[in-house]
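Trainee: Supplied structure: run.cif, mmCIF, C-alpha atoms.
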```cif
data_run
loop_
_atom_site.group_PDB
_atom_site.id
_atom_site.type_symbol
_atom_site.label_atom_id
_atom_site.label_comp_id
_atom_site.auth_asym_id
_atom_site.auth_seq_id
_atom_site.Cartn_x
_atom_site.Cartn_y
_atom_site.Cartn_z
ATOM 1 C CA MET X 165 -65.109 -39.903 31.448
ATOM 2 C CA ARG X 166 -63.838 -36.593 32.870
ATOM 3 C CA LYS X 167 -61.082 -36.394 30.249
ATOM 4 C CA HIS X 168 -63.574 -37.141 27.489
ATOM 5 C CA THR X 169 -65.981 -34.490 28.754
ATOM 6 C CA PHE X 170 -63.153 -31.957 29.035
ATOM 7 C CA LEU X 171 -62.050 -32.562 25.453
ATOM 8 C CA LEU X 172 -65.607 -32.235 24.157
ATOM 9 C CA LEU X 173 -65.978 -28.946 26.014
ATOM 10 C CA ILE X 174 -62.827 -27.661 24.333
ATOM 11 C CA LEU X 175 -64.165 -28.676 20.930
ATOM 12 C CA PHE X 176 -67.535 -27.019 21.556
ATOM 13 C CA ALA X 177 -65.730 -23.859 22.694
ATOM 14 C CA ALA X 178 -63.709 -23.857 19.472
ATOM 15 C CA VAL X 179 -66.915 -24.107 17.445
ATOM 16 C CA ARG X 180 -68.404 -21.139 19.314
ATOM 17 C CA VAL X 181 -65.310 -19.021 18.666
ATOM 18 C CA SER X 182 -64.968 -19.819 14.971
ATOM 19 C CA GLY X 183 -68.599 -20.503 14.131
ATOM 20 C CA GLN X 184 -67.476 -23.656 12.382
ATOM 21 C CA ALA X 185 -66.857 -27.266 13.333
ATOM 22 C CA PHE X 186 -63.385 -28.700 13.901
ATOM 23 C CA ASP X 187 -61.802 -29.166 10.469
ATOM 24 C CA LEU X 188 -60.051 -32.520 10.097
ATOM 25 C CA GLN X 189 -57.924 -32.293 6.952
ATOM 26 C CA GLY X 190 -56.488 -35.388 5.291
ATOM 27 C CA ASN X 191 -53.026 -34.425 4.075
ATOM 28 C CA ARG X 192 -52.487 -35.385 0.433
ATOM 29 C CA GLY X 193 -55.440 -37.680 1.070
ATOM 30 C CA ALA X 194 -54.253 -40.022 3.784
ATOM 31 C CA ARG X 195 -50.498 -40.066 3.159
ATOM 32 C CA GLY X 196 -49.661 -42.136 6.217
ATOM 33 C CA ILE X 197 -51.576 -45.144 4.936
ATOM 34 C CA MET X 198 -52.150 -44.524 1.204
ATOM 35 C CA PRO X 199 -49.949 -43.229 -1.632
ATOM 36 C CA GLU X 200 -50.142 -39.466 -1.583
ATOM 37 C CA ASN X 201 -52.213 -37.317 -3.913
ATOM 38 C CA THR X 202 -53.985 -40.297 -5.452
ATOM 39 C CA ILE X 203 -57.721 -40.662 -5.909
ATOM 40 C CA LYS X 204 -57.894 -43.767 -3.718
ATOM 41 C CA GLY X 205 -56.038 -41.863 -1.020
ATOM 42 C CA MET X 206 -58.587 -39.047 -1.127
ATOM 43 C CA LEU X 207 -61.496 -41.477 -0.860
ATOM 44 C CA ARG X 208 -59.826 -43.266 2.038
ATOM 45 C CA ALA X 209 -59.499 -39.960 3.886
ATOM 46 C CA LEU X 210 -63.239 -39.450 3.545
ATOM 47 C CA ASP X 211 -63.906 -42.930 4.920
ATOM 48 C CA LEU X 212 -61.765 -42.032 7.932
ATOM 49 C CA GLY X 213 -63.789 -38.936 8.715
ATOM 50 C CA ALA X 214 -61.877 -36.120 7.031
ATOM 51 C CA SER X 215 -64.049 -33.035 6.553
ATOM 52 C CA THR X 216 -61.525 -31.540 4.144
ATOM 53 C CA ILE X 217 -59.222 -33.267 1.691
ATOM 54 C CA SER X 218 -55.970 -31.412 1.244
ATOM 55 C CA MET X 219 -54.119 -31.778 -2.033
ATOM 56 C CA ASN X 220 -51.162 -30.264 -3.868
ATOM 57 C CA THR X 221 -51.314 -29.134 -7.478
ATOM 58 C CA VAL X 222 -48.825 -28.491 -10.260
ATOM 59 C CA ILE X 223 -49.223 -27.694 -13.957
ATOM 60 C CA THR X 224 -48.218 -29.768 -16.968
ATOM 61 C CA LYS X 225 -46.798 -28.520 -20.262
ATOM 62 C CA ASP X 226 -50.237 -28.789 -21.880
ATOM 63 C CA LYS X 227 -51.757 -26.707 -19.055
ATOM 64 C CA LYS X 228 -53.461 -29.468 -17.084
ATOM 65 C CA VAL X 229 -53.875 -29.064 -13.311
ATOM 66 C CA ILE X 230 -52.747 -32.287 -11.645
ATOM 67 C CA LEU X 231 -52.145 -33.530 -8.110
ATOM 68 C CA SER X 232 -48.494 -33.584 -7.043
ATOM 69 C CA GLN X 233 -46.437 -32.354 -4.103
ATOM 70 C CA GLU X 234 -43.524 -31.452 -6.359
ATOM 71 C CA PRO X 235 -43.417 -30.161 -9.949
ATOM 72 C CA TYR X 236 -41.256 -33.179 -10.743
ATOM 73 C CA PHE X 237 -41.237 -36.899 -9.942
ATOM 74 C CA ASN X 238 -40.005 -37.405 -6.387
ATOM 75 C CA HIS X 239 -37.504 -40.242 -6.079
ATOM 76 C CA GLU X 240 -39.036 -41.435 -2.795
ATOM 77 C CA TYR X 241 -42.144 -42.893 -4.396
ATOM 78 C CA SER X 242 -41.920 -42.599 -8.204
ATOM 79 C CA LEU X 243 -41.096 -45.199 -10.832
ATOM 80 C CA LYS X 244 -40.292 -44.523 -14.474
ATOM 81 C CA PRO X 245 -42.582 -45.861 -17.219
ATOM 82 C CA ASP X 246 -40.238 -48.861 -17.578
ATOM 83 C CA GLY X 247 -40.579 -49.608 -13.844
ATOM 84 C CA LYS X 248 -37.095 -48.444 -12.889
ATOM 85 C CA PRO X 249 -36.680 -46.156 -9.844
ATOM 86 C CA ILE X 250 -35.885 -42.475 -10.144
ATOM 87 C CA THR X 251 -32.787 -41.367 -8.253
ATOM 88 C CA LEU X 252 -32.456 -38.306 -6.047
ATOM 89 C CA LYS X 253 -29.858 -36.894 -8.417
ATOM 90 C CA GLU X 254 -32.073 -37.114 -11.476
ATOM 91 C CA GLN X 255 -35.547 -36.401 -10.037
ATOM 92 C CA LYS X 256 -35.713 -32.754 -11.095
ATOM 93 C CA THR X 257 -34.942 -33.703 -14.682
ATOM 94 C CA TYR X 258 -38.402 -35.288 -14.734
ATOM 95 C CA ASN X 259 -39.940 -31.821 -14.743
ATOM 96 C CA ILE X 260 -43.731 -32.084 -14.972
ATOM 97 C CA TYR X 261 -44.074 -28.551 -16.313
ATOM 98 C CA GLN X 262 -42.058 -29.682 -19.329
ATOM 99 C CA MET X 263 -44.179 -32.821 -19.899
ATOM 100 C CA ASP X 264 -47.604 -33.314 -21.466
ATOM 101 C CA TYR X 265 -50.105 -35.040 -19.204
ATOM 102 C CA ALA X 266 -50.238 -38.125 -21.441
ATOM 103 C CA ASP X 267 -46.553 -38.697 -20.596
ATOM 104 C CA VAL X 268 -47.029 -37.901 -16.892
ATOM 105 C CA GLN X 269 -49.629 -40.677 -16.643
ATOM 106 C CA LYS X 270 -47.047 -43.298 -17.614
ATOM 107 C CA PHE X 271 -45.163 -42.921 -14.300
ATOM 108 C CA ASP X 272 -46.163 -45.048 -11.285
ATOM 109 C CA VAL X 273 -46.469 -43.256 -7.938
ATOM 110 C CA GLY X 274 -48.224 -45.973 -5.958
ATOM 111 C CA THR X 275 -46.256 -49.223 -5.841
ATOM 112 C CA LYS X 276 -42.801 -48.205 -4.637
ATOM 113 C CA VAL X 277 -42.329 -48.545 -0.861
ATOM 114 C CA HIS X 278 -42.020 -45.096 0.700
ATOM 115 C CA ASN X 279 -39.266 -45.272 3.314
ATOM 116 C CA ARG X 280 -40.891 -42.596 5.501
ATOM 117 C CA PHE X 281 -44.320 -44.216 5.255
ATOM 118 C CA PRO X 282 -43.613 -47.962 5.078
ATOM 119 C CA TYR X 283 -47.175 -48.951 6.039
ATOM 120 C CA GLN X 284 -48.818 -47.331 3.045
ATOM 121 C CA GLN X 285 -51.123 -49.593 1.073
ATOM 122 C CA LYS X 286 -49.457 -50.204 -2.273
ATOM 123 C CA TYR X 287 -51.177 -50.147 -5.676
ATOM 124 C CA ALA X 288 -50.404 -48.913 -9.175
ATOM 125 C CA ALA X 289 -51.314 -45.228 -9.387
ATOM 126 C CA TYR X 290 -50.700 -42.146 -11.487
ATOM 127 C CA LYS X 291 -50.885 -38.433 -10.742
ATOM 128 C CA PRO X 292 -54.549 -37.591 -11.405
ATOM 129 C CA LEU X 293 -56.091 -34.487 -12.866
ATOM 130 C CA LEU X 294 -57.661 -32.099 -10.363
ATOM 131 C CA GLU X 295 -60.850 -32.375 -12.403
ATOM 132 C CA GLU X 296 -60.822 -36.178 -12.308
ATOM 133 C CA THR X 297 -60.208 -36.137 -8.555
ATOM 134 C CA ILE X 298 -63.147 -33.828 -7.904
ATOM 135 C CA ASP X 299 -65.453 -35.932 -10.080
ATOM 136 C CA SER X 300 -64.404 -39.110 -8.271
ATOM 137 C CA VAL X 301 -64.848 -37.581 -4.821
ATOM 138 C CA GLU X 302 -68.247 -36.060 -5.594
ATOM 139 C CA SER X 303 -69.509 -39.358 -7.031
ATOM 140 C CA TYR X 304 -68.160 -41.297 -4.050
ATOM 141 C CA VAL X 305 -69.807 -39.168 -1.385
ATOM 142 C CA LYS X 306 -73.114 -39.269 -3.259
ATOM 143 C CA GLU X 307 -73.024 -43.054 -3.683
ATOM 144 C CA ASN X 308 -72.032 -43.642 -0.045
ATOM 145 C CA LYS X 309 -74.277 -40.938 1.432
ATOM 146 C CA LEU X 310 -71.356 -39.072 3.011
ATOM 147 C CA SER X 311 -71.186 -35.377 3.785
ATOM 148 C CA LYS X 312 -69.832 -33.267 0.960
ATOM 149 C CA PRO X 313 -66.207 -32.442 1.766
ATOM 150 C CA ASN X 314 -64.274 -29.235 1.430
ATOM 151 C CA TYR X 315 -61.194 -29.040 -0.771
ATOM 152 C CA SER X 316 -57.921 -27.398 0.212
ATOM 153 C CA ILE X 317 -55.908 -26.964 -2.970
ATOM 154 C CA GLU X 318 -52.284 -25.923 -2.665
ATOM 155 C CA THR X 319 -50.322 -24.181 -5.379
ATOM 156 C CA LYS X 320 -46.931 -25.895 -5.340
ATOM 157 C CA THR X 321 -44.168 -23.638 -6.536
ATOM 158 C CA ILE X 322 -40.391 -23.599 -6.408
ATOM 159 C CA PRO X 323 -38.686 -20.277 -5.509
ATOM 160 C CA ASN X 324 -37.452 -18.633 -8.706
ATOM 161 C CA GLY X 325 -39.053 -21.476 -10.667
ATOM 162 C CA ASP X 326 -41.508 -19.435 -12.738
ATOM 163 C CA ASN X 327 -41.581 -20.506 -16.400
ATOM 164 C CA GLU X 328 -39.248 -23.409 -15.606
ATOM 165 C CA PHE X 329 -41.122 -25.542 -13.045
ATOM 166 C CA GLN X 330 -44.419 -23.646 -12.908
ATOM 167 C CA PRO X 331 -46.357 -20.900 -14.655
ATOM 168 C CA GLU X 332 -46.429 -17.418 -13.215
ATOM 169 C CA PRO X 333 -48.884 -16.891 -10.309
ATOM 170 C CA ALA X 334 -51.709 -15.400 -12.377
ATOM 171 C CA GLU X 335 -51.789 -18.273 -14.843
ATOM 172 C CA PHE X 336 -51.461 -20.876 -12.075
ATOM 173 C CA ILE X 337 -54.505 -19.497 -10.255
ATOM 174 C CA GLU X 338 -56.547 -19.047 -13.419
ATOM 175 C CA LEU X 339 -55.975 -22.677 -14.403
ATOM 176 C CA ILE X 340 -57.120 -23.886 -10.986
ATOM 177 C CA MET X 341 -60.115 -21.567 -10.854
ATOM 178 C CA GLU X 342 -61.264 -22.636 -14.309
ATOM 179 C CA VAL X 343 -61.683 -26.154 -12.923
ATOM 180 C CA VAL X 344 -63.174 -24.994 -9.615
ATOM 181 C CA ASN X 345 -65.730 -22.719 -11.256
ATOM 182 C CA ARG X 346 -66.677 -25.231 -13.926
ATOM 183 C CA LYS X 347 -67.360 -27.743 -11.145
ATOM 184 C CA LYS X 348 -69.291 -25.081 -9.185
ATOM 185 C CA LEU X 349 -67.198 -25.682 -6.074
ATOM 186 C CA SER X 350 -65.925 -22.209 -5.187
ATOM 187 C CA LYS X 351 -67.818 -22.186 -1.861
ATOM 188 C CA ARG X 352 -66.172 -25.449 -0.761
ATOM 189 C CA VAL X 353 -62.637 -24.632 -1.885
ATOM 190 C CA THR X 354 -59.736 -23.020 -0.068
ATOM 191 C CA ILE X 355 -56.636 -22.114 -2.061
ATOM 192 C CA GLN X 356 -53.563 -22.531 0.107
ATOM 193 C CA SER X 357 -49.896 -21.795 -0.440
ATOM 194 C CA PHE X 358 -46.518 -20.829 0.966
ATOM 195 C CA ASP X 359 -46.225 -18.603 -2.117
ATOM 196 C CA MET X 360 -47.965 -15.344 -1.198
ATOM 197 C CA ARG X 361 -48.025 -14.244 -4.824
ATOM 198 C CA THR X 362 -50.633 -16.826 -5.770
ATOM 199 C CA LEU X 363 -52.823 -15.924 -2.780
ATOM 200 C CA GLN X 364 -52.508 -12.213 -3.524
ATOM 201 C CA TYR X 365 -53.606 -12.724 -7.111
ATOM 202 C CA LEU X 366 -56.496 -14.925 -5.990
ATOM 203 C CA HIS X 367 -57.644 -12.392 -3.395
ATOM 204 C CA GLU X 368 -57.603 -9.580 -5.954
ATOM 205 C CA HIS X 369 -59.476 -11.440 -8.687
ATOM 206 C CA TYR X 370 -61.566 -13.948 -6.697
ATOM 207 C CA PRO X 371 -62.097 -12.207 -3.338
ATOM 208 C CA LYS X 372 -64.882 -14.560 -2.240
ATOM 209 C CA VAL X 373 -62.697 -17.672 -2.468
ATOM 210 C CA LYS X 374 -61.171 -18.718 0.854
ATOM 211 C CA THR X 375 -57.402 -18.561 1.340
ATOM 212 C CA ALA X 376 -54.912 -20.302 3.617
ATOM 213 C CA LEU X 377 -51.389 -19.034 4.219
ATOM 214 C CA PHE X 378 -48.886 -21.802 4.937
ATOM 215 C CA VAL X 379 -46.073 -20.880 7.312
ATOM 216 C CA ASP X 380 -42.919 -22.859 8.097
ATOM 217 C CA GLU X 381 -40.753 -20.220 9.782
ATOM 218 C CA LYS X 382 -40.982 -18.448 13.137
ATOM 219 C CA ILE X 383 -42.200 -15.074 11.902
ATOM 220 C CA ASP X 384 -44.804 -13.034 13.791
ATOM 221 C CA PHE X 385 -48.387 -13.534 12.673
ATOM 222 C CA GLU X 386 -48.836 -9.782 12.212
ATOM 223 C CA VAL X 387 -45.704 -9.544 10.040
ATOM 224 C CA ASN X 388 -46.858 -12.377 7.780
ATOM 225 C CA VAL X 389 -50.341 -10.926 7.391
ATOM 226 C CA SER X 390 -48.899 -7.487 6.684
ATOM 227 C CA GLU X 391 -46.673 -8.902 3.953
ATOM 228 C CA LEU X 392 -49.593 -10.833 2.499
ATOM 229 C CA GLY X 393 -51.620 -7.629 2.370
ATOM 230 C CA PHE X 394 -54.935 -9.013 3.626
ATOM 231 C CA ARG X 395 -56.268 -11.343 6.298
ATOM 232 C CA PRO X 396 -56.383 -14.915 5.024
ATOM 233 C CA THR X 397 -59.310 -17.141 5.913
ATOM 234 C CA VAL X 398 -56.890 -19.622 7.488
ATOM 235 C CA TYR X 399 -53.429 -19.295 8.991
ATOM 236 C CA SER X 400 -51.710 -22.664 8.634
ATOM 237 C CA PRO X 401 -48.370 -22.872 10.484
ATOM 238 C CA TYR X 402 -46.024 -25.788 11.038
ATOM 239 C CA SER X 403 -47.411 -27.384 14.197
ATOM 240 C CA VAL X 404 -44.263 -26.848 16.312
ATOM 241 C CA LEU X 405 -44.699 -23.078 15.888
ATOM 242 C CA VAL X 406 -48.128 -23.073 17.525
ATOM 243 C CA GLY X 407 -48.691 -21.840 21.062
ATOM 244 C CA LYS X 408 -51.641 -20.342 22.919
ATOM 245 C CA SER X 409 -50.583 -16.796 22.079
ATOM 246 C CA LEU X 410 -50.620 -17.480 18.328
ATOM 247 C CA VAL X 411 -54.019 -19.174 18.539
ATOM 248 C CA ASP X 412 -55.438 -16.194 20.427
ATOM 249 C CA ARG X 413 -53.961 -13.663 18.005
ATOM 250 C CA CYS X 414 -55.448 -15.492 15.026
ATOM 251 C CA HIS X 415 -58.884 -15.643 16.626
ATOM 252 C CA GLU X 416 -58.739 -11.994 17.682
ATOM 253 C CA SER X 417 -58.087 -11.157 14.016
ATOM 254 C CA GLY X 418 -60.976 -13.322 12.818
ATOM 255 C CA VAL X 419 -58.626 -15.865 11.232
ATOM 256 C CA ARG X 420 -58.912 -19.614 11.690
ATOM 257 C CA ILE X 421 -55.723 -21.492 12.632
ATOM 258 C CA ILE X 422 -55.135 -24.988 11.249
ATOM 259 C CA PRO X 423 -51.615 -26.382 11.880
ATOM 260 C CA TRP X 424 -49.770 -28.994 9.832
ATOM 261 C CA THR X 425 -48.737 -31.852 9.907
ATOM 262 C CA VAL X 426 -50.111 -33.383 13.129
ATOM 263 C CA ASN X 427 -49.326 -37.095 13.248
ATOM 264 C CA SER X 428 -49.398 -38.142 16.912
ATOM 265 C CA ALA X 429 -52.201 -38.439 19.460
ATOM 266 C CA LYS X 430 -50.135 -36.425 21.955
ATOM 267 C CA ASP X 431 -49.716 -33.502 19.576
ATOM 268 C CA LEU X 432 -53.351 -33.619 18.513
ATOM 269 C CA LYS X 433 -54.577 -33.483 22.122
ATOM 270 C CA TYR X 434 -52.216 -30.587 22.865
ATOM 271 C CA LEU X 435 -53.341 -28.546 19.870
ATOM 272 C CA ILE X 436 -57.018 -29.192 20.522
ATOM 273 C CA GLY X 437 -56.385 -27.964 24.052
ATOM 274 C CA LEU X 438 -54.963 -24.729 22.653
ATOM 275 C CA GLY X 439 -58.169 -24.178 20.697
ATOM 276 C CA VAL X 440 -57.028 -24.662 17.092
ATOM 277 C CA ASP X 441 -59.788 -24.784 14.489
ATOM 278 C CA GLY X 442 -58.556 -27.968 12.847
ATOM 279 C CA VAL X 443 -55.442 -29.897 11.896
ATOM 280 C CA VAL X 444 -53.788 -31.250 8.772
ATOM 281 C CA THR X 445 -52.738 -34.870 9.290
ATOM 282 C CA ASP X 446 -51.310 -37.787 7.333
ATOM 283 C CA TYR X 447 -53.508 -40.041 9.487
ATOM 284 C CA PRO X 448 -57.153 -38.886 9.415
ATOM 285 C CA ASN X 449 -58.060 -41.859 11.628
ATOM 286 C CA LEU X 450 -56.058 -40.226 14.447
ATOM 287 C CA TYR X 451 -58.874 -37.886 15.498
ATOM 288 C CA LYS X 452 -61.352 -40.684 16.213
ATOM 289 C CA LYS X 453 -58.626 -42.671 17.959
ATOM 290 C CA VAL X 454 -57.946 -39.766 20.326
ATOM 291 C CA LEU X 455 -61.615 -39.533 21.249
ATOM 292 C CA ASP X 456 -61.947 -43.326 21.634
ATOM 293 C CA ASP X 457 -58.886 -43.503 23.906
ATOM 294 C CA LEU X 458 -60.323 -41.010 26.388
#
```
Starting from the file, lay out its structure as C-alpha cells.

Mentor:
Amino acid sequence: MRKHTFLLLILFAAVRVSGQAFDLQGNRGARGIMPENTIKGMLRALDLGASTISMNTVITKDKKVILSQEPYFNHEYSLKPDGKPITLKEQKTYNIYQMDYADVQKFDVGTKVHNRFPYQQKYAAYKPLLEETIDSVESYVKENKLSKPNYSIETKTIPNGDNEFQPEPAEFIELIMEVVNRKKLSKRVTIQSFDMRTLQYLHEHYPKVKTALFVDEKIDFEVNVSELGFRPTVYSPYSVLVGKSLVDRCHESGVRIIPWTVNSAKDLKYLIGLGVDGVVTDYPNLYKKVLDDL
C-alpha cells in the first residue's frame, strides 16, 4: 500500500508540474504484441489504455502518407506480394518512395514472425494510409465510448535520402498537415522526428502544432534545443539517456520529457520516479501492470 501511494504521489506531482496527465504512448501501436504500424495495432493500444498512439510515416511515389517505420520494406516482418520473404540485402530495393500506394498494399507486413517480437499476434496486414488510420481510430473510440486519443506522427527520413527515399522536408510536412487539417485534428497531433529540418519547417509554418524532438545520442539538452532553434513541446530521448538532471532541465524550460522505448516494469518505475511526463512503449499494458503489482 505504501509503495502504491508513493507512486501515485509521484504521478500527481508530475501532473502539477506539467499541467497534463501522464502520457502513455503506444509505440507503432502496440508493437510488442501486434504487428507494428497497423490499424489493428493502433486499436489494441487504445484498448490497453494508451492516451497517445505513436506512428511512423513515409511517403509513396503518388504522394500518399502511409504508416511505416522505414521508407522501404523491412526484411524482419515483410513478405513480397507472392508471399516470399524479403532479405536484408534486398530490402532497400523495395523503396516505398518509388512505389505507388496500390503496389505498396500488395505486401504483407502482418503474418511473418518477427524474431525480436515473437509473441506478436499474427494476421494479414498492409501498410495503411495515415488518413485511413485516423478514420478507423476515430470511429473506434466513438463506437466504444473511449477517450479521444492524441496522435504522435513521426516523419521517417534517411540521412541524405531526400528525393530518393523521401521528399524534402517542406513537402513531407505539407503532405502530413493536409491530412491533419482536413481531419481537423491539429490540436491532438504532435509531429515528432529525429530530423530537425522537418520540425523547423513545421514550427515556421504551423507554429501552433506541437512538436517532439527525438534524441538518440548523449548531447546536452541545451545544445539540441539551440540547434533546433526553438523549444519543442516534447523532448523525447532514448530512455537510457534520462536522469534526474535532464528531467529537471526540461521542466525548467517548460518542455515535457517523454522517453522511448520503455519496455520493462523496472525501467518504467524508475522513470516515473524521476518525474517524466510520459513514456513511449511497445507494451501499453505495462503501465497498468506496474500499478497492479504495487

Trainee: Could you jot down the CA of Val426 in chain X to CA of Asp446 in chain X separation for me, Å, one decimal place?

Mentor: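 A separation of 7.4 Å between them.
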
Trainee: For CA of Lys225 in chain X and CA of Glu240 in chain X, determine how far apart the two atoms are, in Å to one decimal place.

Mentor: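 Going from CA of Lys225 in chain X over to CA of Glu240 in chain X covers 23.1 Å.
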
Trainee: What does the PyMOL selection byres ((chain X and resi 384) around 12) select in this file, as number ranges by chain?

Mentor: X: 379-383, 385-391, 399, 401, 405-406, 409-410, 413-414

Trainee: Please enumerate the residues selected by the PyMOL selection byres ((chain X and resi 241) around 8) when evaluated against the supplied file, formatted as a list of chain:residue names.

Mentor: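 Listing what the PyMOL selection byres ((chain X and resi 241) around 8) selects in the shown file: X:Asn238, X:His239, X:Glu240, X:Ser242, X:Leu243, X:Val273, X:Gly274, X:Thr275, X:Lys276, X:Val277, X:His278.
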
Trainee: Starting from the shown file, work through the PyMOL selection byres ((chain X and resi 284) around 6) and note down what comes out as a list of chain:residue names.

Mentor: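 Listing what the PyMOL selection byres ((chain X and resi 284) around 6) selects in the shown file: X:Ile197, X:Met198, X:Phe281, X:Pro282, X:Tyr283, X:Gln285.
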
Trainee: Quick one, how far is CA of Pro448 in chain X from CA of Lys228 in chain X?

Mentor: 28.4 Å

Trainee: Please provide the set of residues having any atom within 10 Å of Leu349 in chain X, restricted to all atoms listed in the file, with same-chain residues fewer than 3 positions apart removed, written as a PyMOL selection string.

Mentor: chain X and resi 298+314-315+341+343-346+352-354+373
